[in-house]
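Enquirer: Input file: data.pdb. Contents: PDB, C-alpha atoms, pLDDT in the B column.
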ATOM      1  CA  MET A 139      88.194 133.886 110.270  1.00 89.00           C
ATOM      2  CA  ILE A 140      88.999 132.025 107.082  1.00 94.00           C
ATOM      3  CA  ARG A 141      88.159 133.765 103.802  1.00 95.00           C
ATOM      4  CA  ALA A 142      86.277 131.602 101.329  1.00 97.00           C
ATOM      5  CA  VAL A 143      84.923 131.772  97.788  1.00 97.00           C
ATOM      6  CA  ILE A 144      82.153 129.516  96.461  1.00 97.00           C
ATOM      7  CA  VAL A 145      82.274 128.467  92.807  1.00 97.00           C
ATOM      8  CA  GLU A 146      79.009 126.716  91.997  1.00 95.00           C
ATOM      9  CA  ASP A 147      76.958 126.935  88.802  1.00 92.00           C
ATOM     10  CA  GLU A 148      73.505 126.583  90.419  1.00 92.00           C
ATOM     11  CA  MET A 149      72.183 129.604  92.319  1.00 93.00           C
ATOM     12  CA  HIS A 150      70.190 127.581  94.849  1.00 94.00           C
ATOM     13  CA  SER A 151      73.252 125.446  95.623  1.00 94.00           C
ATOM     14  CA  ARG A 152      75.369 128.574  96.160  1.00 94.00           C
ATOM     15  CA  GLU A 153      72.791 130.033  98.542  1.00 96.00           C
ATOM     16  CA  SER A 154      72.341 126.721 100.357  1.00 96.00           C
ATOM     17  CA  LEU A 155      76.085 126.409 100.974  1.00 97.00           C
ATOM     18  CA  LYS A 156      76.290 130.039 102.114  1.00 97.00           C
ATOM     19  CA  ASN A 157      73.514 129.404 104.621  1.00 97.00           C
ATOM     20  CA  LEU A 158      75.141 126.218 105.914  1.00 97.00           C
ATOM     21  CA  LEU A 159      78.444 128.025 106.399  1.00 97.00           C
ATOM     22  CA  ARG A 160      76.760 130.935 108.153  1.00 96.00           C
ATOM     23  CA  ASP A 161      74.822 128.680 110.532  1.00 97.00           C
ATOM     24  CA  PHE A 162      77.313 125.888 111.200  1.00 97.00           C
ATOM     25  CA  CYS A 163      80.767 127.220 110.277  1.00 97.00           C
ATOM     26  CA  PRO A 164      80.817 130.790 111.650  1.00 96.00           C
ATOM     27  CA  GLU A 165      84.616 130.868 111.326  1.00 95.00           C
ATOM     28  CA  VAL A 166      84.205 130.995 107.524  1.00 96.00           C
ATOM     29  CA  GLU A 167      83.690 134.371 105.845  1.00 97.00           C
ATOM     30  CA  VAL A 168      82.274 134.030 102.329  1.00 97.00           C
ATOM     31  CA  CYS A 169      83.942 136.761 100.246  1.00 96.00           C
ATOM     32  CA  GLY A 170      82.039 136.038  97.051  1.00 96.00           C
ATOM     33  CA  ALA A 171      80.497 133.444  94.769  1.00 97.00           C
ATOM     34  CA  ALA A 172      80.664 132.658  91.057  1.00 96.00           C
ATOM     35  CA  GLY A 173      78.919 130.317  88.653  1.00 94.00           C
ATOM     36  CA  SER A 174      81.504 129.846  85.908  1.00 94.00           C
ATOM     37  CA  VAL A 175      85.230 129.702  85.244  1.00 94.00           C
ATOM     38  CA  GLU A 176      85.190 133.174  83.680  1.00 95.00           C
ATOM     39  CA  GLU A 177      83.380 134.676  86.679  1.00 95.00           C
ATOM     40  CA  ALA A 178      85.555 132.874  89.199  1.00 95.00           C
ATOM     41  CA  LEU A 179      88.978 133.904  87.853  1.00 95.00           C
ATOM     42  CA  PRO A 180      88.733 137.653  88.581  1.00 95.00           C
ATOM     43  CA  LEU A 181      86.890 137.007  91.850  1.00 96.00           C
ATOM     44  CA  ILE A 182      89.628 134.736  93.189  1.00 95.00           C
ATOM     45  CA  ARG A 183      92.371 137.117  92.086  1.00 93.00           C
ATOM     46  CA  ALA A 184      90.597 140.063  93.723  1.00 95.00           C
ATOM     47  CA  THR A 185      89.731 138.403  97.051  1.00 95.00           C
ATOM     48  CA  SER A 186      92.720 136.032  97.559  1.00 93.00           C
ATOM     49  CA  PRO A 187      90.676 133.417  99.422  1.00 94.00           C
ATOM     50  CA  GLU A 188      92.183 130.910 101.814  1.00 93.00           C
ATOM     51  CA  LEU A 189      89.521 128.327 100.992  1.00 95.00           C
ATOM     52  CA  LEU A 190      87.722 127.513  97.748  1.00 96.00           C
ATOM     53  CA  PHE A 191      84.490 125.513  97.586  1.00 97.00           C
ATOM     54  CA  LEU A 192      84.596 124.254  94.017  1.00 95.00           C
ATOM     55  CA  ASP A 193      81.869 122.471  92.082  1.00 93.00           C
ATOM     56  CA  ILE A 194      83.185 119.950  89.563  1.00 90.00           C
ATOM     57  CA  GLU A 195      80.650 120.724  86.814  1.00 88.00           C
ATOM     58  CA  LEU A 196      80.436 124.444  85.965  1.00 89.00           C
ATOM     59  CA  GLN A 197      78.931 126.560  83.234  1.00 82.00           C
ATOM     60  CA  ASN A 198      81.039 126.108  80.094  1.00 83.00           C
ATOM     61  CA  GLY A 199      83.740 124.074  81.854  1.00 87.00           C
ATOM     62  CA  THR A 200      84.788 122.278  85.023  1.00 89.00           C
ATOM     63  CA  GLY A 201      86.373 123.145  88.318  1.00 91.00           C
ATOM     64  CA  PHE A 202      89.556 121.515  87.063  1.00 90.00           C
ATOM     65  CA  ASP A 203      89.661 123.942  84.126  1.00 91.00           C
ATOM     66  CA  LEU A 204      89.603 126.741  86.686  1.00 93.00           C
ATOM     67  CA  LEU A 205      92.503 125.256  88.655  1.00 91.00           C
ATOM     68  CA  ARG A 206      94.592 124.859  85.508  1.00 89.00           C
ATOM     69  CA  ARG A 207      94.252 128.595  84.929  1.00 91.00           C
ATOM     70  CA  LEU A 208      95.448 129.417  88.443  1.00 89.00           C
ATOM     71  CA  PRO A 209      99.102 128.304  88.431  1.00 78.00           C
ATOM     72  CA  ASP A 210      99.886 130.141  91.685  1.00 79.00           C
ATOM     73  CA  MET A 211      97.294 128.339  93.776  1.00 79.00           C
ATOM     74  CA  ASP A 212      97.600 129.546  97.371  1.00 83.00           C
ATOM     75  CA  PHE A 213      94.395 128.208  98.922  1.00 90.00           C
ATOM     76  CA  GLU A 214      92.742 125.034 100.160  1.00 91.00           C
ATOM     77  CA  VAL A 215      90.119 123.380  97.962  1.00 93.00           C
ATOM     78  CA  ILE A 216      87.004 121.468  98.979  1.00 95.00           C
ATOM     79  CA  PHE A 217      85.238 119.984  95.962  1.00 94.00           C
ATOM     80  CA  THR A 218      81.457 119.698  95.787  1.00 93.00           C
ATOM     81  CA  THR A 219      79.526 117.413  93.472  1.00 88.00           C
ATOM     82  CA  ALA A 220      76.020 115.991  93.152  1.00 82.00           C
ATOM     83  CA  PHE A 221      77.115 112.457  92.286  1.00 73.00           C
ATOM     84  CA  GLU A 222      79.981 109.992  92.359  1.00 64.00           C
ATOM     85  CA  GLN A 223      81.913 110.349  89.110  1.00 66.00           C
ATOM     86  CA  TYR A 224      85.246 109.521  87.520  1.00 63.00           C
ATOM     87  CA  ALA A 225      86.844 112.606  89.051  1.00 77.00           C
ATOM     88  CA  ILE A 226      86.266 111.385  92.593  1.00 84.00           C
ATOM     89  CA  GLN A 227      88.964 108.747  92.058  1.00 78.00           C
ATOM     90  CA  ALA A 228      91.482 111.436  91.121  1.00 79.00           C
ATOM     91  CA  ILE A 229      90.448 113.557  94.110  1.00 87.00           C
ATOM     92  CA  LYS A 230      90.971 110.625  96.474  1.00 84.00           C
ATOM     93  CA  PHE A 231      94.312 109.856  94.783  1.00 81.00           C
ATOM     94  CA  SER A 232      95.485 113.309  95.864  1.00 85.00           C
ATOM     95  CA  SER A 233      93.971 113.069  99.399  1.00 82.00           C
ATOM     96  CA  LEU A 234      91.848 116.173  98.824  1.00 88.00           C
ATOM     97  CA  ASP A 235      88.432 116.688 100.405  1.00 91.00           C
ATOM     98  CA  TYR A 236      85.113 116.533  98.600  1.00 91.00           C
ATOM     99  CA  LEU A 237      81.465 116.838  99.638  1.00 93.00           C
ATOM    100  CA  LEU A 238      78.546 115.085  97.975  1.00 91.00           C
ATOM    101  CA  LYS A 239      75.337 117.074  97.560  1.00 90.00           C
ATOM    102  CA  PRO A 240      73.091 117.458  99.420  1.00 91.00           C
ATOM    103  CA  ILE A 241      75.875 118.493 101.770  1.00 94.00           C
ATOM    104  CA  ASP A 242      75.972 116.814 105.166  1.00 95.00           C
ATOM    105  CA  ILE A 243      76.550 119.292 107.999  1.00 96.00           C
ATOM    106  CA  ASP A 244      78.973 117.072 109.930  1.00 96.00           C
ATOM    107  CA  GLU A 245      81.029 116.388 106.792  1.00 95.00           C
ATOM    108  CA  LEU A 246      81.099 120.112 105.993  1.00 97.00           C
ATOM    109  CA  GLN A 247      82.328 120.998 109.466  1.00 96.00           C
ATOM    110  CA  GLU A 248      84.964 118.268 109.341  1.00 94.00           C
ATOM    111  CA  ALA A 249      86.239 119.409 105.916  1.00 94.00           C
ATOM    112  CA  VAL A 250      86.435 123.048 107.068  1.00 95.00           C
ATOM    113  CA  ALA A 251      88.277 122.042 110.251  1.00 92.00           C
ATOM    114  CA  LYS A 252      90.848 120.083 108.228  1.00 87.00           C
ATOM    115  CA  ALA A 253      91.338 123.037 105.873  1.00 88.00           C
ATOM    116  CA  ARG A 254      91.956 125.370 108.828  1.00 86.00           C
ATOM    117  CA  GLN A 255      94.522 123.023 110.351  1.00 82.00           C
ATOM    118  CA  LYS A 256      96.637 122.830 107.203  1.00 74.00           C
ATOM    119  CA  GLN A 257      99.644 125.098 107.451  1.00 57.00           C
ATOM    120  CA  ASP A 258     101.878 124.104 104.540  1.00 61.00           C
ATOM    121  CA  LYS A 259     100.686 125.788 101.337  1.00 67.00           C
ATOM    122  CA  GLN A 260     103.339 123.947  99.335  1.00 69.00           C
ATOM    123  CA  HIS A 261     101.716 120.656 100.318  1.00 73.00           C
ATOM    124  CA  SER A 262      98.321 121.948  99.208  1.00 77.00           C
ATOM    125  CA  LYS A 263      99.728 123.008  95.860  1.00 79.00           C
ATOM    126  CA  ALA A 264     101.434 119.634  95.455  1.00 82.00           C
ATOM    127  CA  GLN A 265      98.123 117.876  96.157  1.00 84.00           C
ATOM    128  CA  LEU A 266      96.432 119.891  93.424  1.00 84.00           C
ATOM    129  CA  GLU A 267      99.279 119.082  91.037  1.00 80.00           C
ATOM    130  CA  VAL A 268      98.808 115.354  91.776  1.00 82.00           C
ATOM    131  CA  LEU A 269      95.090 115.771  91.123  1.00 84.00           C
ATOM    132  CA  LEU A 270      95.525 117.505  87.767  1.00 82.00           C
ATOM    133  CA  ALA A 271      98.152 114.985  86.673  1.00 76.00           C
ATOM    134  CA  SER A 272      95.768 112.137  87.565  1.00 76.00           C
ATOM    135  CA  LEU A 273      93.129 113.653  85.295  1.00 77.00           C
ATOM    136  CA  GLU A 274      95.348 113.706  82.232  1.00 69.00           C
ATOM    137  CA  GLY A 275      94.202 110.282  81.042  1.00 55.00           C
ATOM    138  CA  ARG A 276      97.468 108.439  81.511  1.00 50.00           C
ATOM    139  CA  ARG A 277      97.537 104.860  80.292  1.00 42.00           C
ATOM    140  CA  PRO A 278      96.932 102.161  82.938  1.00 42.00           C
ATOM    141  CA  GLY A 279     100.131 101.154  84.655  1.00 40.00           C
ATOM    142  CA  ALA A 280     101.969 104.361  83.796  1.00 42.00           C
ATOM    143  CA  SER A 281     104.087 105.891  86.533  1.00 44.00           C
ATOM    144  CA  SER A 282     102.181 108.478  88.550  1.00 81.00           C
ATOM    145  CA  ARG A 283     102.165 110.086  91.969  1.00 84.00           C
ATOM    146  CA  ILE A 284      99.819 109.452  94.849  1.00 90.00           C
ATOM    147  CA  CYS A 285      99.355 111.482  98.023  1.00 91.00           C
ATOM    148  CA  LEU A 286      98.948 109.633 101.337  1.00 92.00           C
ATOM    149  CA  ALA A 287      97.570 111.391 104.398  1.00 88.00           C
ATOM    150  CA  THR A 288      99.403 109.906 107.398  1.00 89.00           C
ATOM    151  CA  ALA A 289      99.422 110.903 111.077  1.00 86.00           C
ATOM    152  CA  GLU A 290     102.706 112.753 110.455  1.00 85.00           C
ATOM    153  CA  GLY A 291     101.407 114.720 107.457  1.00 85.00           C
ATOM    154  CA  LEU A 292     101.191 114.254 103.709  1.00 86.00           C
ATOM    155  CA  GLU A 293     103.479 111.880 101.850  1.00 90.00           C
ATOM    156  CA  PHE A 294     103.883 112.176  98.079  1.00 90.00           C
ATOM    157  CA  LEU A 295     105.274 109.146  96.294  1.00 91.00           C
ATOM    158  CA  GLN A 296     105.381 107.343  92.998  1.00 91.00           C
ATOM    159  CA  VAL A 297     102.878 104.527  92.639  1.00 93.00           C
ATOM    160  CA  ASP A 298     105.754 102.329  91.405  1.00 92.00           C
ATOM    161  CA  ASP A 299     107.432 102.749  94.808  1.00 95.00           C
ATOM    162  CA  ILE A 300     104.611 100.849  96.523  1.00 97.00           C
ATOM    163  CA  LEU A 301     105.604  97.193  96.966  1.00 97.00           C
ATOM    164  CA  TYR A 302     102.426  96.043  98.671  1.00 98.00           C
ATOM    165  CA  CYS A 303      99.702  97.229 101.017  1.00 98.00           C
ATOM    166  CA  GLU A 304      98.691  95.432 104.187  1.00 97.00           C
ATOM    167  CA  ALA A 305      95.341  95.695 105.987  1.00 96.00           C
ATOM    168  CA  ASN A 306      95.264  96.348 109.725  1.00 92.00           C
ATOM    169  CA  GLY A 307      91.630  96.832 110.694  1.00 90.00           C
ATOM    170  CA  SER A 308      90.532 100.257 109.468  1.00 92.00           C
ATOM    171  CA  TYR A 309      94.172 101.187 108.720  1.00 95.00           C
ATOM    172  CA  THR A 310      96.395 100.351 105.754  1.00 97.00           C
ATOM    173  CA  THR A 311     100.174  99.985 105.912  1.00 97.00           C
ATOM    174  CA  PHE A 312     102.046 100.821 102.707  1.00 97.00           C
ATOM    175  CA  HIS A 313     105.305  98.890 102.324  1.00 97.00           C
ATOM    176  CA  LEU A 314     107.590 101.017 100.167  1.00 97.00           C
ATOM    177  CA  ARG A 315     110.982 100.848  98.502  1.00 95.00           C
ATOM    178  CA  GLY A 316     113.925 101.382 100.819  1.00 92.00           C
ATOM    179  CA  SER A 317     112.245  99.429 103.650  1.00 92.00           C
ATOM    180  CA  ARG A 318     110.012 102.409 104.384  1.00 95.00           C
ATOM    181  CA  LYS A 319     106.420 102.220 105.610  1.00 95.00           C
ATOM    182  CA  ALA A 320     103.475 104.604 105.670  1.00 96.00           C
ATOM    183  CA  VAL A 321     100.313 104.046 107.705  1.00 96.00           C
ATOM    184  CA  VAL A 322      97.038 105.565 106.536  1.00 94.00           C
ATOM    185  CA  SER A 323      93.718 105.637 108.383  1.00 92.00           C
ATOM    186  CA  LYS A 324      91.706 104.175 105.504  1.00 90.00           C
ATOM    187  CA  ASN A 325      90.867 100.557 104.866  1.00 94.00           C
ATOM    188  CA  LEU A 326      92.475  98.432 102.182  1.00 95.00           C
ATOM    189  CA  ARG A 327      89.331  98.329 100.037  1.00 93.00           C
ATOM    190  CA  GLU A 328      89.691 102.071  99.442  1.00 90.00           C
ATOM    191  CA  TYR A 329      93.148 101.618  97.920  1.00 93.00           C
ATOM    192  CA  GLU A 330      92.176  98.482  96.024  1.00 94.00           C
ATOM    193  CA  LYS A 331      89.743 100.679  94.090  1.00 88.00           C
ATOM    194  CA  LEU A 332      92.139 103.611  93.753  1.00 87.00           C
ATOM    195  CA  LEU A 333      94.931 101.462  92.329  1.00 91.00           C
ATOM    196  CA  GLU A 334      92.793  99.322  90.031  1.00 86.00           C
ATOM    197  CA  GLU A 335      94.164 101.028  86.895  1.00 83.00           C
ATOM    198  CA  HIS A 336      97.691 100.103  87.936  1.00 90.00           C
ATOM    199  CA  PRO A 337      99.152  96.563  88.103  1.00 94.00           C
ATOM    200  CA  PHE A 338      97.922  95.906  91.644  1.00 96.00           C
ATOM    201  CA  MET A 339      95.869  92.927  92.789  1.00 97.00           C
ATOM    202  CA  ARG A 340      94.052  92.062  96.014  1.00 97.00           C
ATOM    203  CA  VAL A 341      95.471  88.562  96.566  1.00 97.00           C
ATOM    204  CA  HIS A 342      94.186  88.139 100.116  1.00 96.00           C
ATOM    205  CA  ASN A 343      91.860  89.911 102.539  1.00 96.00           C
ATOM    206  CA  SER A 344      94.958  91.427 104.098  1.00 96.00           C
ATOM    207  CA  TYR A 345      97.137  92.142 101.049  1.00 98.00           C
ATOM    208  CA  LEU A 346      97.143  94.256  97.902  1.00 98.00           C
ATOM    209  CA  VAL A 347     100.326  93.653  95.897  1.00 98.00           C
ATOM    210  CA  ASN A 348     102.163  95.443  93.121  1.00 97.00           C
ATOM    211  CA  LEU A 349     102.424  92.659  90.540  1.00 97.00           C
ATOM    212  CA  ARG A 350     105.591  94.181  89.102  1.00 96.00           C
ATOM    213  CA  GLU A 351     107.269  93.634  92.476  1.00 97.00           C
ATOM    214  CA  VAL A 352     106.478  89.903  92.673  1.00 97.00           C
ATOM    215  CA  GLN A 353     109.566  87.673  92.586  1.00 96.00           C
ATOM    216  CA  ARG A 354     107.846  84.301  92.469  1.00 95.00           C
ATOM    217  CA  TYR A 355     104.887  82.204  93.563  1.00 95.00           C
ATOM    218  CA  VAL A 356     105.697  79.345  95.964  1.00 94.00           C
ATOM    219  CA  ARG A 357     103.293  76.375  96.058  1.00 89.00           C
ATOM    220  CA  ALA A 358     104.629  74.917  99.327  1.00 83.00           C
ATOM    221  CA  GLU A 359     102.939  75.461 102.686  1.00 75.00           C
ATOM    222  CA  GLY A 360      99.592  76.237 101.127  1.00 79.00           C
ATOM    223  CA  GLY A 361     101.106  78.713  98.679  1.00 88.00           C
ATOM    224  CA  TYR A 362     102.453  82.215  99.136  1.00 95.00           C
ATOM    225  CA  ILE A 363     103.966  85.077  97.131  1.00 96.00           C
ATOM    226  CA  LEU A 364     107.586  86.093  97.542  1.00 96.00           C
ATOM    227  CA  MET A 365     108.113  89.772  96.819  1.00 96.00           C
ATOM    228  CA  LYS A 366     111.336  91.247  95.423  1.00 95.00           C
ATOM    229  CA  ASN A 367     112.178  92.602  98.882  1.00 95.00           C
ATOM    230  CA  ASN A 368     111.909  88.975 100.164  1.00 95.00           C
ATOM    231  CA  ALA A 369     108.669  89.620 102.053  1.00 96.00           C
ATOM    232  CA  GLN A 370     106.263  86.672 102.088  1.00 95.00           C
ATOM    233  CA  VAL A 371     102.652  87.546 101.299  1.00 96.00           C
ATOM    234  CA  SER A 372      99.734  85.170 101.795  1.00 95.00           C
ATOM    235  CA  ILE A 373      97.478  84.422  98.844  1.00 96.00           C
ATOM    236  CA  SER A 374      93.902  83.203  99.056  1.00 95.00           C
ATOM    237  CA  PRO A 375      93.259  79.867  97.275  1.00 92.00           C
ATOM    238  CA  LYS A 376      90.387  81.549  95.419  1.00 93.00           C
ATOM    239  CA  LYS A 377      92.790  84.136  94.022  1.00 94.00           C
ATOM    240  CA  ARG A 378      95.567  81.836  92.751  1.00 93.00           C
ATOM    241  CA  GLU A 379      94.251  81.243  89.239  1.00 93.00           C
ATOM    242  CA  GLU A 380      93.518  84.941  88.650  1.00 95.00           C
ATOM    243  CA  PHE A 381      96.914  85.863  90.095  1.00 95.00           C
ATOM    244  CA  LEU A 382      98.773  83.459  87.801  1.00 94.00           C
ATOM    245  CA  GLN A 383      96.800  84.668  84.778  1.00 94.00           C
ATOM    246  CA  ARG A 384      97.572  88.281  85.533  1.00 95.00           C
ATOM    247  CA  MET A 385     101.244  87.553  86.104  1.00 95.00           C
ATOM    248  CA  ALA A 386     101.409  85.689  82.767  1.00 93.00           C
ATOM    249  CA  GLY A 387      99.823  88.635  80.980  1.00 89.00           C
ATOM    250  CA  LEU A 388     101.887  91.327  82.684  1.00 87.00           C
ATOM    251  CA  GLU A 389     103.859  93.431  80.218  1.00 69.00           C
TER     252      GLU A 389
END
Step by step, read the file and then write its structure as structure tokens.

Expert:
Amino acid sequence: MIRAVIVEDEMHSRESLKNLLRDFCPEVEVCGAAGSVEEALPLIRATSPELLFLDIELQNGTGFDLLRRLPDMDFEVIFTTAFEQYAIQAIKFSSLDYLLKPIDIDELQEAVAKARQKQDKQHSKAQLEVLLASLEGRRPGASSRICLATAEGLEFLQVDDILYCEANGSYTTFHLRGSRKAVVSKNLREYEKLLEEHPFMRVHNSYLVNLREVQRYVRAEGGYILMKNNAQVSISPKKREEFLQRMAGLE
């Protein structure tokens, strides 16, 4: 069994999630539920849950306010929310799970299964730290960390260490400093959106580049981008003007 606490400000949503867990995730034991940050703090400290279902919008605060007041976080978190919002970007940036309401049974079971399989609590804490840092309103382009979920585990890296991303069907290969690579089972469009506040640009269907890592643009052979690591990256003719404008305006 995995001990869980539900933090959700609406009573009917709390009961609905309890019922879904009882009927479709029998391995989860709900130890308690709360509707606000102030109710949740003593409950979590008293029950020491292994899994926290956390609504983003709570009474008199947010789920993130709750996490900030729990510095010794020793549990997995699955966020719940009724709509896509700014915070979803930060959650994806940290490779944490979230469920949109009304909660889909298959997605719930998948999220619970992933939480059970995680063994490294330090990784979970690091993911939450990446999340909270991403919510601090840093200026676009500022150095920040991102968490990538690869087949080998979780990889935490600085956004500035990403040279470019390459599409490979439903997978994305991250080309990193030091000739390293990381392969993630998400498509390139997902990361194009996640990195839009940083100096990254989708220059081709297959490439998303860090503009700060561009060495030069070569017009020959139909045009291509030469990166600082000497990799050649194709550029779509439709993207050339925008690319040159963004390079000229790059600080």

Enquirer: Could you check which of A:Val321, A:Ala305, A:Leu179, A:Leu196 is closest to Met211 (chain A), using all atoms listed in the file?

Expert: A:Leu179

Enquirer: Care to translate the PyMOL selection byres ((chain A and resi 272) around 9) into actual residues of this file, as a PyMOL selection string?

Expert: chain A and resi 227-229+231-232+267-271+273-276+282-284

Enquirer: Could you list the residues chosen by the PyMOL selection byres ((chain A and resi 293) around 10) in this structure as a short mmCIF file (atom, residue, chain, number, x, y, z; two decimals) with C-alpha atoms, in the frame of the given file?

Expert:
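The new file selection_23.cif reads:
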data_model
loop_
_atom_site.label_atom_id
_atom_site.label_comp_id
_atom_site.auth_asym_id
_atom_site.auth_seq_id
_atom_site.Cartn_x
_atom_site.Cartn_y
_atom_site.Cartn_z
CA SER A 233 93.97 113.07 99.40
CA HIS A 261 101.72 120.66 100.32
CA GLN A 265 98.12 117.88 96.16
CA ILE A 284 99.82 109.45 94.85
CA CYS A 285 99.36 111.48 98.02
CA LEU A 286 98.95 109.63 101.34
CA ALA A 287 97.57 111.39 104.40
CA THR A 288 99.40 109.91 107.40
CA GLU A 290 102.71 112.75 110.46
CA GLY A 291 101.41 114.72 107.46
CA LEU A 292 101.19 114.25 103.71
CA PHE A 294 103.88 112.18 98.08
CA LEU A 295 105.27 109.15 96.29
CA ALA A 320 103.48 104.60 105.67
#

Enquirer: When you look at Ser323 (chain A) with a cut-off of 7 Å (counting only C-alpha atoms), what residues show up, excluding the ones that are within fewer than 5 positions of it in the same chain? I need them as a PyMOL selection string.

Expert: chain A and resi 308-310

Enquirer: Give me the residues near Thr185 (chain A) as a list of chain:residue names, where near means some atom within 10 Å (using only C-alpha atoms) and where sequence neighbours in that chain fewer than 4 positions away do not count.

Expert: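 After dropping sequence-adjacent residues, the list is A:Arg141, A:Ala142, A:Val143, A:Cys169, A:Gly170, A:Pro180, A:Leu181.
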
Enquirer: Rounded to one decimal in Å, what is the spacing between CA of Thr218 (chain A) and CA of Asp193 (chain A)?

Expert: 4.6 Å

Enquirer: Every residue with an atom at most 12 Å from (93.1, 136.7, 90.9) (file coordinates; only C-alpha atoms) is what I'm after, so could you write them as a PyMOL selection string?

Expert: chain A and resi 143+175-187+204-205+207-213

Enquirer: Could you tell me how far CA of Ser174 (chain A) sits from CA of Leu190 (chain A), in Å to one decimal place?

Expert: 13.6 Å

Enquirer: Counting all atoms listed in the file, which of A:Leu189, A:Leu314, A:Leu388, A:Cys303 gets nearest to Glu330 (chain A)?

Expert: A:Cys303

Enquirer: Can you turn the PyMOL selection byres ((chain A and resi 371-384) around 7) into a concrete residue list for this file, as a CSV table (one decimal) with C-alpha atoms, keeping the file's coordinate frame?

Expert:
chain,number,residue,atom,x,y,z
A,341,VAL,CA,95.5,88.6,96.6
A,342,HIS,CA,94.2,88.1,100.1
A,361,GLY,CA,101.1,78.7,98.7
A,362,TYR,CA,102.5,82.2,99.1
A,363,ILE,CA,104.0,85.1,97.1
A,364,LEU,CA,107.6,86.1,97.5
A,369,ALA,CA,108.7,89.6,102.1
A,370,GLN,CA,106.3,86.7,102.1
A,385,MET,CA,101.2,87.6,86.1
A,386,ALA,CA,101.4,85.7,82.8
A,387,GLY,CA,99.8,88.6,81.0
A,388,LEU,CA,101.9,91.3,82.7

Enquirer: Could you tell me how far CA of Lys256 (chain A) lies from CA of Glu214 (chain A), in Å and to one decimal?

Expert: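 Distance reported for this atom pair: 8.3 Å.
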